[in-house]
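Structure file target.csv; described as CSV, C-alpha atoms.
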```csv
chain,number,residue,atom,x,y,z
A,27,MET,CA,111.7,258.6,174.6
A,28,ARG,CA,109.4,256.9,177.1
A,29,ASN,CA,111.0,254.2,179.3
A,30,SER,CA,109.4,251.1,180.7
A,31,PHE,CA,112.2,250.2,183.0
A,32,GLN,CA,111.4,250.4,186.7
A,33,PRO,CA,113.6,252.6,188.9
A,34,VAL,CA,115.8,250.2,190.8
A,35,THR,CA,118.6,251.2,193.1
A,36,THR,CA,122.0,249.6,192.9
A,37,ALA,CA,121.5,248.0,196.2
A,38,THR,CA,118.3,246.4,195.0
A,39,CYS,CA,120.1,244.8,192.0
A,40,VAL,CA,122.9,243.5,194.1
A,41,VAL,CA,120.6,242.0,196.7
A,42,ALA,CA,118.4,240.4,194.0
A,43,THR,CA,121.4,238.8,192.4
A,44,LEU,CA,122.7,237.6,195.7
A,45,LEU,CA,119.4,236.1,196.7
A,46,ALA,CA,119.1,234.4,193.3
A,47,SER,CA,122.4,232.6,193.9
A,48,PHE,CA,122.2,232.1,197.7
A,49,VAL,CA,123.9,229.1,199.3
A,50,PHE,CA,121.6,227.0,201.5
A,51,ILE,CA,123.4,225.1,204.2
A,52,GLY,CA,121.3,222.5,205.9
A,53,ARG,CA,117.6,222.7,206.8
A,54,ARG,CA,116.2,223.5,210.3
A,55,ARG,CA,113.6,220.8,209.9
A,56,LEU,CA,115.9,217.8,210.0
A,57,ARG,CA,113.9,216.4,212.8
A,58,GLY,CA,116.7,214.4,214.5
A,59,CYS,CA,119.0,217.4,214.5
A,60,ARG,CA,116.8,220.3,215.6
A,61,LYS,CA,119.0,221.1,218.6
A,62,ALA,CA,122.2,221.2,216.6
A,63,LEU,CA,120.7,223.2,213.7
A,64,ASN,CA,119.2,225.7,216.1
A,65,ASP,CA,122.4,226.3,217.9
A,66,GLU,CA,123.5,229.9,218.0
A,67,SER,CA,126.8,229.2,216.2
A,68,SER,CA,125.1,227.1,213.5
A,69,ASP,CA,122.7,230.0,212.8
A,70,MET,CA,125.6,231.9,211.5
A,71,VAL,CA,125.7,229.8,208.4
A,72,MET,CA,122.1,228.5,207.9
A,73,VAL,CA,119.4,230.2,205.9
A,74,THR,CA,116.0,228.6,205.4
A,75,LEU,CA,113.9,228.6,202.2
A,76,ARG,CA,111.0,230.2,204.0
A,77,SER,CA,113.1,233.2,205.3
A,78,ILE,CA,114.6,233.7,201.8
A,79,GLN,CA,111.1,233.7,200.3
A,80,ALA,CA,109.8,236.1,202.9
A,81,CYS,CA,112.8,238.4,202.3
A,82,ILE,CA,112.2,238.4,198.5
A,83,LYS,CA,108.5,239.2,199.1
A,84,ASP,CA,109.4,242.1,201.3
A,85,LEU,CA,112.2,243.6,199.1
A,86,ALA,CA,109.9,245.7,197.0
A,87,GLY,CA,108.6,247.5,200.0
A,88,GLN,CA,111.9,247.9,201.8
A,89,LEU,CA,113.9,249.1,198.8
A,90,GLU,CA,111.1,251.3,197.4
A,91,ILE,CA,110.9,249.8,193.9
A,92,ARG,CA,108.5,252.0,192.0
A,93,MET,CA,106.6,250.6,189.0
A,94,ASN,CA,106.4,252.9,186.0
A,95,THR,CA,103.2,254.8,186.4
A,96,SER,CA,103.0,255.6,182.7
A,97,ALA,CA,102.3,252.0,181.7
A,98,PRO,CA,98.7,250.7,182.1
A,99,GLU,CA,98.2,248.5,185.2
A,100,THR,CA,97.4,244.9,184.5
A,101,SER,CA,95.3,242.5,186.4
A,102,MET,CA,98.4,241.2,188.1
A,103,GLY,CA,99.7,244.6,188.9
A,104,VAL,CA,102.8,244.2,186.8
A,105,PRO,CA,102.8,246.6,183.8
A,106,ALA,CA,105.9,245.0,182.2
A,107,LEU,CA,104.0,241.8,181.6
A,108,GLU,CA,101.9,243.5,178.9
A,109,ALA,CA,104.5,245.9,177.6
A,110,ALA,CA,104.1,246.4,173.8
A,111,PRO,CA,106.9,244.8,171.7
A,112,ASP,CA,109.4,247.6,171.2
A,113,SER,CA,113.1,247.0,170.3
A,114,SER,CA,114.0,250.5,171.6
A,115,LEU,CA,112.8,249.4,175.1
A,116,GLY,CA,114.1,245.8,175.0
A,117,THR,CA,110.6,244.3,174.9
A,118,ALA,CA,110.6,243.1,171.3
A,119,LEU,CA,109.8,239.6,170.1
A,120,PRO,CA,112.5,237.4,168.5
A,121,ALA,CA,113.5,238.1,164.9
A,122,VAL,CA,116.0,235.9,163.1
A,123,VAL,CA,117.3,237.4,159.8
A,124,THR,CA,119.9,234.7,158.9
A,125,GLU,CA,119.2,231.3,157.4
A,126,THR,CA,121.3,229.5,160.0
A,127,VAL,CA,122.0,230.3,163.7
A,128,PRO,CA,124.7,231.3,164.2
A,129,GLY,CA,125.0,233.1,160.9
A,130,SER,CA,128.2,233.7,158.9
A,131,GLN,CA,129.6,236.4,161.2
A,132,GLY,CA,128.8,234.3,164.3
A,133,GLU,CA,130.6,231.2,162.8
A,134,LEU,CA,133.7,233.3,162.1
A,135,TRP,CA,133.8,234.5,165.7
A,136,VAL,CA,133.2,231.0,167.0
A,137,ASP,CA,136.2,229.8,165.0
A,138,VAL,CA,138.3,232.4,166.7
A,139,LEU,CA,136.9,231.4,170.0
A,140,ALA,CA,137.9,227.7,169.4
A,141,LYS,CA,141.5,228.8,168.9
A,142,HIS,CA,141.8,230.6,172.2
A,143,GLU,CA,139.1,229.0,174.5
A,144,CYS,CA,139.9,226.3,177.1
A,145,PRO,CA,139.9,223.1,175.0
A,146,ALA,CA,137.6,221.3,177.5
A,147,ILE,CA,134.7,223.7,176.6
A,148,THR,CA,135.2,223.3,172.9
A,149,ALA,CA,135.4,219.6,173.2
A,150,ARG,CA,132.3,219.5,175.3
A,151,ARG,CA,130.3,221.3,172.5
A,152,ALA,CA,131.7,218.8,170.0
A,153,ARG,CA,130.6,215.9,172.1
A,154,ARG,CA,127.1,217.3,172.5
A,155,ALA,CA,126.9,217.9,168.7
A,156,ALA,CA,128.0,214.3,168.0
A,157,ALA,CA,125.4,212.9,170.5
A,158,SER,CA,122.5,215.1,169.3
A,159,GLY,CA,123.3,215.4,165.6
A,160,GLU,CA,122.7,219.1,165.9
A,161,GLY,CA,125.3,221.9,165.8
A,162,GLN,CA,126.2,223.3,169.3
A,163,ASP,CA,128.0,226.5,168.3
A,164,PRO,CA,126.8,229.3,170.5
A,165,ILE,CA,125.4,232.6,169.3
A,166,VAL,CA,127.9,235.5,169.8
A,167,TRP,CA,126.3,238.4,171.6
A,168,GLU,CA,126.7,241.9,170.2
A,169,ARG,CA,124.5,244.0,172.4
A,170,THR,CA,121.6,243.7,174.9
A,171,LEU,CA,118.7,245.8,176.2
A,172,GLY,CA,115.9,244.9,178.5
A,173,ALA,CA,114.9,241.3,177.8
A,174,ASN,CA,116.5,241.4,174.3
A,175,VAL,CA,119.8,240.1,173.0
A,176,TRP,CA,121.2,240.8,169.5
A,177,ASP,CA,124.0,238.6,168.0
A,178,VAL,CA,126.7,239.7,165.7
A,179,ASP,CA,124.6,238.6,162.7
A,180,GLY,CA,121.7,241.0,163.7
A,181,ASN,CA,119.4,238.3,165.0
A,182,ARG,CA,117.3,239.3,168.0
A,183,TYR,CA,116.4,237.0,170.9
A,184,VAL,CA,114.5,237.1,174.2
A,185,ASP,CA,116.7,236.2,177.2
A,186,LEU,CA,114.5,234.1,179.5
A,187,THR,CA,117.4,233.5,181.9
A,188,ALA,CA,118.2,237.2,182.7
A,189,GLY,CA,121.8,236.5,182.1
A,190,PHE,CA,122.0,233.7,184.8
A,191,GLY,CA,120.0,236.1,187.0
A,192,VAL,CA,122.6,238.8,186.9
A,193,ALA,CA,120.4,241.1,184.7
A,194,ALA,CA,117.4,240.6,186.9
A,195,ALA,CA,116.5,244.3,186.4
A,196,GLY,CA,116.9,244.0,182.6
A,197,HIS,CA,120.0,244.2,180.4
A,198,CYS,CA,121.5,247.6,180.4
A,199,ASN,CA,118.8,249.0,182.7
A,200,PRO,CA,119.4,252.7,182.4
A,201,HIS,CA,119.2,253.3,186.1
A,202,VAL,CA,121.8,250.6,186.8
A,203,VAL,CA,124.0,252.0,184.0
A,204,SER,CA,123.6,255.5,185.4
A,205,CYS,CA,124.6,254.4,188.9
A,206,ALA,CA,127.6,252.5,187.6
A,207,GLU,CA,128.8,255.4,185.5
A,208,LYS,CA,128.4,257.8,188.4
A,209,GLN,CA,130.5,255.5,190.6
A,210,MET,CA,133.2,255.0,188.0
A,211,ARG,CA,133.7,258.7,187.7
A,212,THR,CA,134.3,259.1,191.5
A,213,HIS,CA,135.8,255.9,192.7
A,214,LEU,CA,136.6,253.0,190.3
A,215,HIS,CA,138.7,250.8,192.5
A,216,GLY,CA,139.2,250.5,196.2
A,217,MET,CA,141.7,248.4,198.1
A,218,GLY,CA,139.2,246.1,199.6
A,219,ASP,CA,139.6,245.4,203.3
A,220,ALA,CA,142.8,247.4,203.6
A,221,PHE,CA,141.3,250.8,202.6
A,222,PRO,CA,137.6,250.3,202.0
A,223,GLY,CA,135.5,252.8,200.1
A,224,ARG,CA,132.5,254.4,201.7
A,225,VAL,CA,130.1,252.6,199.2
A,226,ARG,CA,131.5,249.3,200.2
A,227,ILE,CA,130.6,250.0,203.8
A,228,GLU,CA,127.2,251.2,202.8
A,229,LEU,CA,126.5,248.1,200.8
A,230,ALA,CA,127.6,245.8,203.6
A,231,ARG,CA,125.2,247.6,206.0
A,232,GLU,CA,122.3,247.4,203.5
A,233,LEU,CA,122.9,243.7,202.9
A,234,ALA,CA,122.9,243.1,206.7
A,235,ARG,CA,119.7,245.0,207.0
A,236,VAL,CA,117.7,243.0,204.4
A,237,THR,CA,119.3,239.5,204.8
A,238,PRO,CA,117.0,237.1,206.7
A,239,GLY,CA,118.0,236.1,210.2
A,240,ASP,CA,120.5,237.7,212.5
A,241,LEU,CA,123.3,237.8,210.0
A,242,GLN,CA,125.3,241.0,210.2
A,243,GLN,CA,128.6,240.1,208.6
A,244,VAL,CA,129.3,240.2,204.8
A,245,ILE,CA,132.0,238.6,202.7
A,246,PHE,CA,132.2,240.2,199.2
A,247,GLY,CA,133.1,238.0,196.2
A,248,SER,CA,132.6,237.9,192.5
A,249,SER,CA,131.3,234.4,191.8
A,250,GLY,CA,129.1,231.6,193.1
A,251,SER,CA,132.1,229.4,193.8
A,252,GLU,CA,133.5,232.1,196.1
A,253,ALA,CA,130.1,232.3,197.9
A,254,VAL,CA,130.1,228.5,198.5
A,255,GLU,CA,133.7,228.5,199.6
A,256,ALA,CA,133.0,231.3,202.1
A,257,ALA,CA,130.0,229.3,203.4
A,258,ILE,CA,132.0,226.1,203.9
A,259,LYS,CA,134.9,228.0,205.5
A,260,THR,CA,132.4,229.7,207.9
A,261,ALA,CA,130.8,226.4,208.7
A,262,VAL,CA,134.2,224.8,209.5
A,263,MET,CA,135.2,227.6,211.8
A,264,ALA,CA,131.8,227.6,213.5
A,265,THR,CA,131.6,223.9,214.1
A,266,GLY,CA,135.2,222.7,214.4
A,267,ARG,CA,134.4,220.0,211.8
A,268,SER,CA,135.7,219.6,208.3
A,269,GLY,CA,133.3,217.4,206.2
A,270,VAL,CA,130.4,218.5,204.0
A,271,LEU,CA,127.3,216.6,203.1
A,272,ALA,CA,126.1,217.4,199.5
A,273,PHE,CA,123.7,215.8,197.1
A,274,GLU,CA,123.9,214.0,193.8
A,275,GLY,CA,123.5,216.2,190.7
A,276,GLY,CA,124.3,219.4,192.7
A,277,TYR,CA,126.5,222.0,191.1
A,278,HIS,CA,128.3,224.4,193.4
A,279,GLY,CA,131.0,225.8,191.1
A,280,LEU,CA,134.3,224.7,189.5
A,281,ALA,CA,136.8,226.5,191.7
A,282,LEU,CA,139.3,224.0,193.2
A,283,GLY,CA,138.2,224.7,196.7
A,284,VAL,CA,134.5,223.8,196.1
A,285,LEU,CA,134.9,221.3,193.3
A,286,ALA,CA,134.9,218.3,195.7
A,287,ALA,CA,131.3,219.2,196.7
A,288,SER,CA,130.0,219.6,193.1
A,289,HIS,CA,128.6,216.2,192.2
A,290,TYR,CA,127.4,217.2,188.8
A,291,LYS,CA,129.7,215.6,186.2
A,292,GLU,CA,132.3,213.2,187.5
A,293,SER,CA,134.5,214.2,184.6
A,294,PHE,CA,134.7,217.7,186.2
A,295,ARG,CA,136.3,216.3,189.3
A,296,ALA,CA,138.3,213.3,188.0
A,297,PRO,CA,141.4,215.1,186.7
A,298,PHE,CA,141.9,216.9,190.0
A,299,GLN,CA,140.8,214.2,192.4
A,300,GLY,CA,144.2,214.0,194.2
A,301,ALA,CA,144.0,217.7,195.1
A,302,LEU,CA,140.4,217.9,196.2
A,303,GLY,CA,140.9,216.6,199.8
A,304,GLY,CA,137.8,214.3,199.7
A,305,TYR,CA,135.9,216.3,202.3
A,306,ALA,CA,132.5,215.9,200.7
A,307,SER,CA,130.0,213.0,201.0
A,308,PHE,CA,126.9,212.6,198.8
A,309,LEU,CA,123.4,211.4,199.1
A,310,PRO,CA,120.7,211.2,196.4
A,311,PHE,CA,119.0,214.5,195.7
A,312,GLY,CA,115.6,214.6,197.4
A,313,HIS,CA,116.6,212.0,199.9
A,314,PRO,CA,114.0,211.6,202.7
A,315,GLU,CA,114.8,213.5,205.9
A,316,GLU,CA,114.5,210.3,207.9
A,317,GLU,CA,117.2,208.6,205.8
A,318,ILE,CA,119.4,211.7,206.0
A,319,GLU,CA,119.1,211.5,209.8
A,320,GLU,CA,120.0,207.8,209.7
A,321,TRP,CA,123.1,208.6,207.6
A,322,LEU,CA,124.2,211.3,210.1
A,323,MET,CA,123.7,208.9,213.1
A,324,GLN,CA,125.7,206.2,211.3
A,325,ARG,CA,128.5,208.7,210.9
A,326,VAL,CA,128.4,209.5,214.6
A,327,PHE,CA,128.5,205.8,215.6
A,328,GLU,CA,131.3,205.1,213.2
A,329,ALA,CA,133.4,207.9,214.6
A,330,ASP,CA,132.6,206.7,218.2
A,331,ALA,CA,133.9,203.2,217.3
A,332,ARG,CA,137.1,204.7,215.9
A,333,SER,CA,137.7,206.9,218.9
A,334,ALA,CA,137.3,205.8,222.5
A,335,ALA,CA,137.5,209.5,223.5
A,336,ALA,CA,134.3,210.4,221.6
A,337,ASN,CA,131.6,211.4,224.1
A,338,VAL,CA,128.4,210.9,222.1
A,339,VAL,CA,125.0,210.1,223.7
A,340,GLY,CA,123.0,207.5,221.8
A,341,PRO,CA,119.4,207.9,220.9
A,342,SER,CA,118.4,205.2,223.3
A,343,GLU,CA,119.1,207.6,226.1
A,344,GLY,CA,116.5,210.0,224.9
A,345,LYS,CA,118.9,212.8,223.7
A,346,CYS,CA,119.6,214.1,220.2
A,347,PRO,CA,122.8,212.5,219.1
A,348,PHE,CA,123.6,215.6,217.0
A,349,SER,CA,123.5,218.2,219.7
A,350,GLY,CA,126.9,219.8,220.5
A,351,LEU,CA,129.1,221.3,217.9
A,352,SER,CA,132.0,218.9,218.6
A,353,ALA,CA,130.2,215.7,217.9
A,354,PRO,CA,132.7,213.7,215.8
A,355,GLY,CA,131.7,212.3,212.5
A,356,LEU,CA,129.2,214.9,211.7
A,357,PRO,CA,129.8,217.2,208.7
A,358,ALA,CA,130.4,220.9,209.2
A,359,ALA,CA,127.6,221.8,206.8
A,360,ILE,CA,124.8,220.3,204.6
A,361,LEU,CA,125.1,221.9,201.2
A,362,VAL,CA,121.9,222.0,199.1
A,363,GLU,CA,121.1,223.4,195.7
A,364,PRO,CA,117.3,223.6,196.3
A,365,VAL,CA,116.5,223.7,192.6
A,366,GLN,CA,119.1,221.9,190.5
A,367,GLY,CA,119.8,223.6,187.2
A,368,ARG,CA,122.8,221.8,185.6
A,369,GLY,CA,121.7,218.6,187.3
A,370,GLY,CA,118.5,218.5,185.3
A,371,ASP,CA,116.2,221.3,186.4
A,372,ARG,CA,115.0,219.2,189.3
A,373,PRO,CA,113.0,221.2,191.9
```
Step by step, read the file and then write its structure as structure tokens.
Amino acid sequence: MRNSFQPVTTATCVVATLLASFVFIGRRRLRGCRKALNDESSDMVMVTLRSIQACIKDLAGQLEIRMNTSAPETSMGVPALEAAPDSSLGTALPAVVTETVPGSQGELWVDVLAKHECPAITARRARRAAASGEGQDPIVWERTLGANVWDVDGNRYVDLTAGFGVAAAGHCNPHVVSCAEKQMRTHLHGMGDAFPGRVRIELARELARVTPGDLQQVIFGSSGSEAVEAAIKTAVMATGRSGVLAFEGGYHGLALGVLAASHYKESFRAPFQGALGGYASFLPFGHPEEEIEEWLMQRVFEADARSAAANVVGPSEGKCPFSGLSAPGLPAAILVEPVQGRGGDRP
């Protein structure tokens, strides 16, 4: 059987997934903070949009992703864009065979889900249904392949989200499955940093090689929340500060350690407010850089007023008030979701 999947190494898939969910801390082009943001220690935790874009552009060449030569070349040079609809390859168009979605089998499974799922999620679907007048029951996936998803009722869909980006190489990509099966036969579980497996070390080295900037250390995790928490902890250690500046509508995860910086949905934070520590401050998403600078300056001056020991040079003396990692009042990091998803698909 012919195969339209592109050969993609395991490292490629991991890197593509990490880049898709990368944490961006600050921007080097905050004009009033150039010195601070270009500081060697700050560079440990700061990645710019331009460097990420350049890295993604260069990935194909660096990791030797080969396009399937059996498919005809298109004007864009991407054969997959004109792949013929074929359910055996995961390139088929949607096909709904039930009168309602979800169908009868899906509804049965959703009823079971409602009995065992966190009540908050079920209640959220109920509220959306009441507000929209439309049912909000999810489809229940049965199997996937390529860009296609089949539910338990036999309906076929096209997944335009690539499973939140995790299946960037296609669902059940045979090359990814083959690599996973091979690894599971030889070494299914290692003991992390205590007794690392060789593949863990190889992956860390490869990530350091392709990651933009002079970033050589890796922290492995299993979720976006962990990635954000690791970034915040790194920023705190690098700067000696504890606060975080985030933006309204931003979603950075629901783990307790990062929940305070997730502005999206006050109801997500409210029940745990007493345990969040209040380390995050928020400004409107898309706030002008000049006003962000003013906010930062105000924080410095307020801290100066509270502490006679603060040694901060004001802008009137011609020096950047943000230079120096120990400047009181400044946040340890500026946390940005460059394109807000849950916050309303706002670029």
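Atom CA of Val262 of chain A sits 20.8 Å away from atom CA of Phe327 of chain A.
Using only C-alpha atoms, the residues found no farther than 12 Å from Gly247 of chain A, other than those of its own chain fewer than 4 positions away, are Val40, Leu44, Gly218, Ser251, Glu252, Ala253, Val254, Glu255, Ala256 and Ala257 of chain A.
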For atom CA of Asn174 of chain A and atom CA of Cys198 of chain A, the interatomic separation in Å (one decimal): 10.0 Å
Using 5 Å of padding on each side, determine the axis-aligned box around all atoms of segment 132-144 of chain A present in the file and give its centre and edge lengths in Å to one decimal, as lines of an AutoDock Vina configuration file.
```
center_x = 135.3
center_y = 230.4
center_z = 169.6
size_x = 23.0
size_y = 18.2
size_z = 25.0
```
For a cut-off of 12 Å around (131.1, 217.2, 191.8), file coordinates, pick out all residues using only C-alpha atoms and list them as a JSON list (two decimals) with C-alpha atoms, in the coordinates of the input.
```json
[["chain", "number", "residue", "atom", "x", "y", "z"],
["A", 271, "LEU", "CA", 127.30, 216.60, 203.10],
["A", 272, "ALA", "CA", 126.10, 217.40, 199.50],
["A", 273, "PHE", "CA", 123.70, 215.80, 197.10],
["A", 274, "GLU", "CA", 123.90, 214.00, 193.80],
["A", 275, "GLY", "CA", 123.50, 216.20, 190.70],
["A", 276, "GLY", "CA", 124.30, 219.40, 192.70],
["A", 277, "TYR", "CA", 126.50, 222.00, 191.10],
["A", 278, "HIS", "CA", 128.30, 224.40, 193.40],
["A", 279, "GLY", "CA", 131.00, 225.80, 191.10],
["A", 280, "LEU", "CA", 134.30, 224.70, 189.50],
["A", 281, "ALA", "CA", 136.80, 226.50, 191.70],
["A", 282, "LEU", "CA", 139.30, 224.00, 193.20],
["A", 283, "GLY", "CA", 138.20, 224.70, 196.70],
["A", 284, "VAL", "CA", 134.50, 223.80, 196.10],
["A", 285, "LEU", "CA", 134.90, 221.30, 193.30],
["A", 286, "ALA", "CA", 134.90, 218.30, 195.70],
["A", 287, "ALA", "CA", 131.30, 219.20, 196.70],
["A", 288, "SER", "CA", 130.00, 219.60, 193.10],
["A", 289, "HIS", "CA", 128.60, 216.20, 192.20],
["A", 290, "TYR", "CA", 127.40, 217.20, 188.80],
["A", 291, "LYS", "CA", 129.70, 215.60, 186.20],
["A", 292, "GLU", "CA", 132.30, 213.20, 187.50],
["A", 293, "SER", "CA", 134.50, 214.20, 184.60],
["A", 294, "PHE", "CA", 134.70, 217.70, 186.20],
["A", 295, "ARG", "CA", 136.30, 216.30, 189.30],
["A", 296, "ALA", "CA", 138.30, 213.30, 188.00],
["A", 297, "PRO", "CA", 141.40, 215.10, 186.70],
["A", 298, "PHE", "CA", 141.90, 216.90, 190.00],
["A", 299, "GLN", "CA", 140.80, 214.20, 192.40],
["A", 302, "LEU", "CA", 140.40, 217.90, 196.20],
["A", 304, "GLY", "CA", 137.80, 214.30, 199.70],
["A", 305, "TYR", "CA", 135.90, 216.30, 202.30],
["A", 306, "ALA", "CA", 132.50, 215.90, 200.70],
["A", 307, "SER", "CA", 130.00, 213.00, 201.00],
["A", 308, "PHE", "CA", 126.90, 212.60, 198.80],
["A", 368, "ARG", "CA", 122.80, 221.80, 185.60],
["A", 369, "GLY", "CA", 121.70, 218.60, 187.30]]
```
Just want the 10 Å neighbourhood of segment 158-164 of chain A, counted on all atoms listed in the file, with same-chain residues fewer than 2 positions away dropped. Output as a PDB file with C-alpha atoms, in the coordinates of the input.
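The resulting file, out14.pdb, is shown below:
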```pdb
ATOM      1  CA  VAL A 127     122.000 230.300 163.700  1.00  0.00           C
ATOM      2  CA  PRO A 128     124.700 231.300 164.200  1.00  0.00           C
ATOM      3  CA  GLY A 132     128.800 234.300 164.300  1.00  0.00           C
ATOM      4  CA  GLU A 133     130.600 231.200 162.800  1.00  0.00           C
ATOM      5  CA  TRP A 135     133.800 234.500 165.700  1.00  0.00           C
ATOM      6  CA  VAL A 136     133.200 231.000 167.000  1.00  0.00           C
ATOM      7  CA  ASP A 137     136.200 229.800 165.000  1.00  0.00           C
ATOM      8  CA  THR A 148     135.200 223.300 172.900  1.00  0.00           C
ATOM      9  CA  ARG A 150     132.300 219.500 175.300  1.00  0.00           C
ATOM     10  CA  ARG A 151     130.300 221.300 172.500  1.00  0.00           C
ATOM     11  CA  ALA A 152     131.700 218.800 170.000  1.00  0.00           C
ATOM     12  CA  ARG A 153     130.600 215.900 172.100  1.00  0.00           C
ATOM     13  CA  ARG A 154     127.100 217.300 172.500  1.00  0.00           C
ATOM     14  CA  ALA A 155     126.900 217.900 168.700  1.00  0.00           C
ATOM     15  CA  ALA A 156     128.000 214.300 168.000  1.00  0.00           C
ATOM     16  CA  VAL A 166     127.900 235.500 169.800  1.00  0.00           C
ATOM     17  CA  TRP A 167     126.300 238.400 171.600  1.00  0.00           C
TER      18      TRP A 167
END
```
Point-to-point distance in Å for atom CA of Leu214 of chain A and atom CA of Leu115 of chain A: 28.5 Å
Residues within 12 Å of (116.7, 238.5, 184.9), counting all atoms listed in the file, listed as a ChimeraX atom specification: /A:39,42-43,46,171-174,184-199
Given all atoms listed in the file as the counted atoms, nearest of A:Arg267, A:Lys208, A:Arg182, A:His215 to Asp112 of chain A: A:Arg182
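Minimum atom-to-atom distance to Asp177 of chain A, evaluated using only C-alpha atoms, belongs to A:Pro120 out of A:Ala149, A:Lys141, A:Pro120, A:Ala230.
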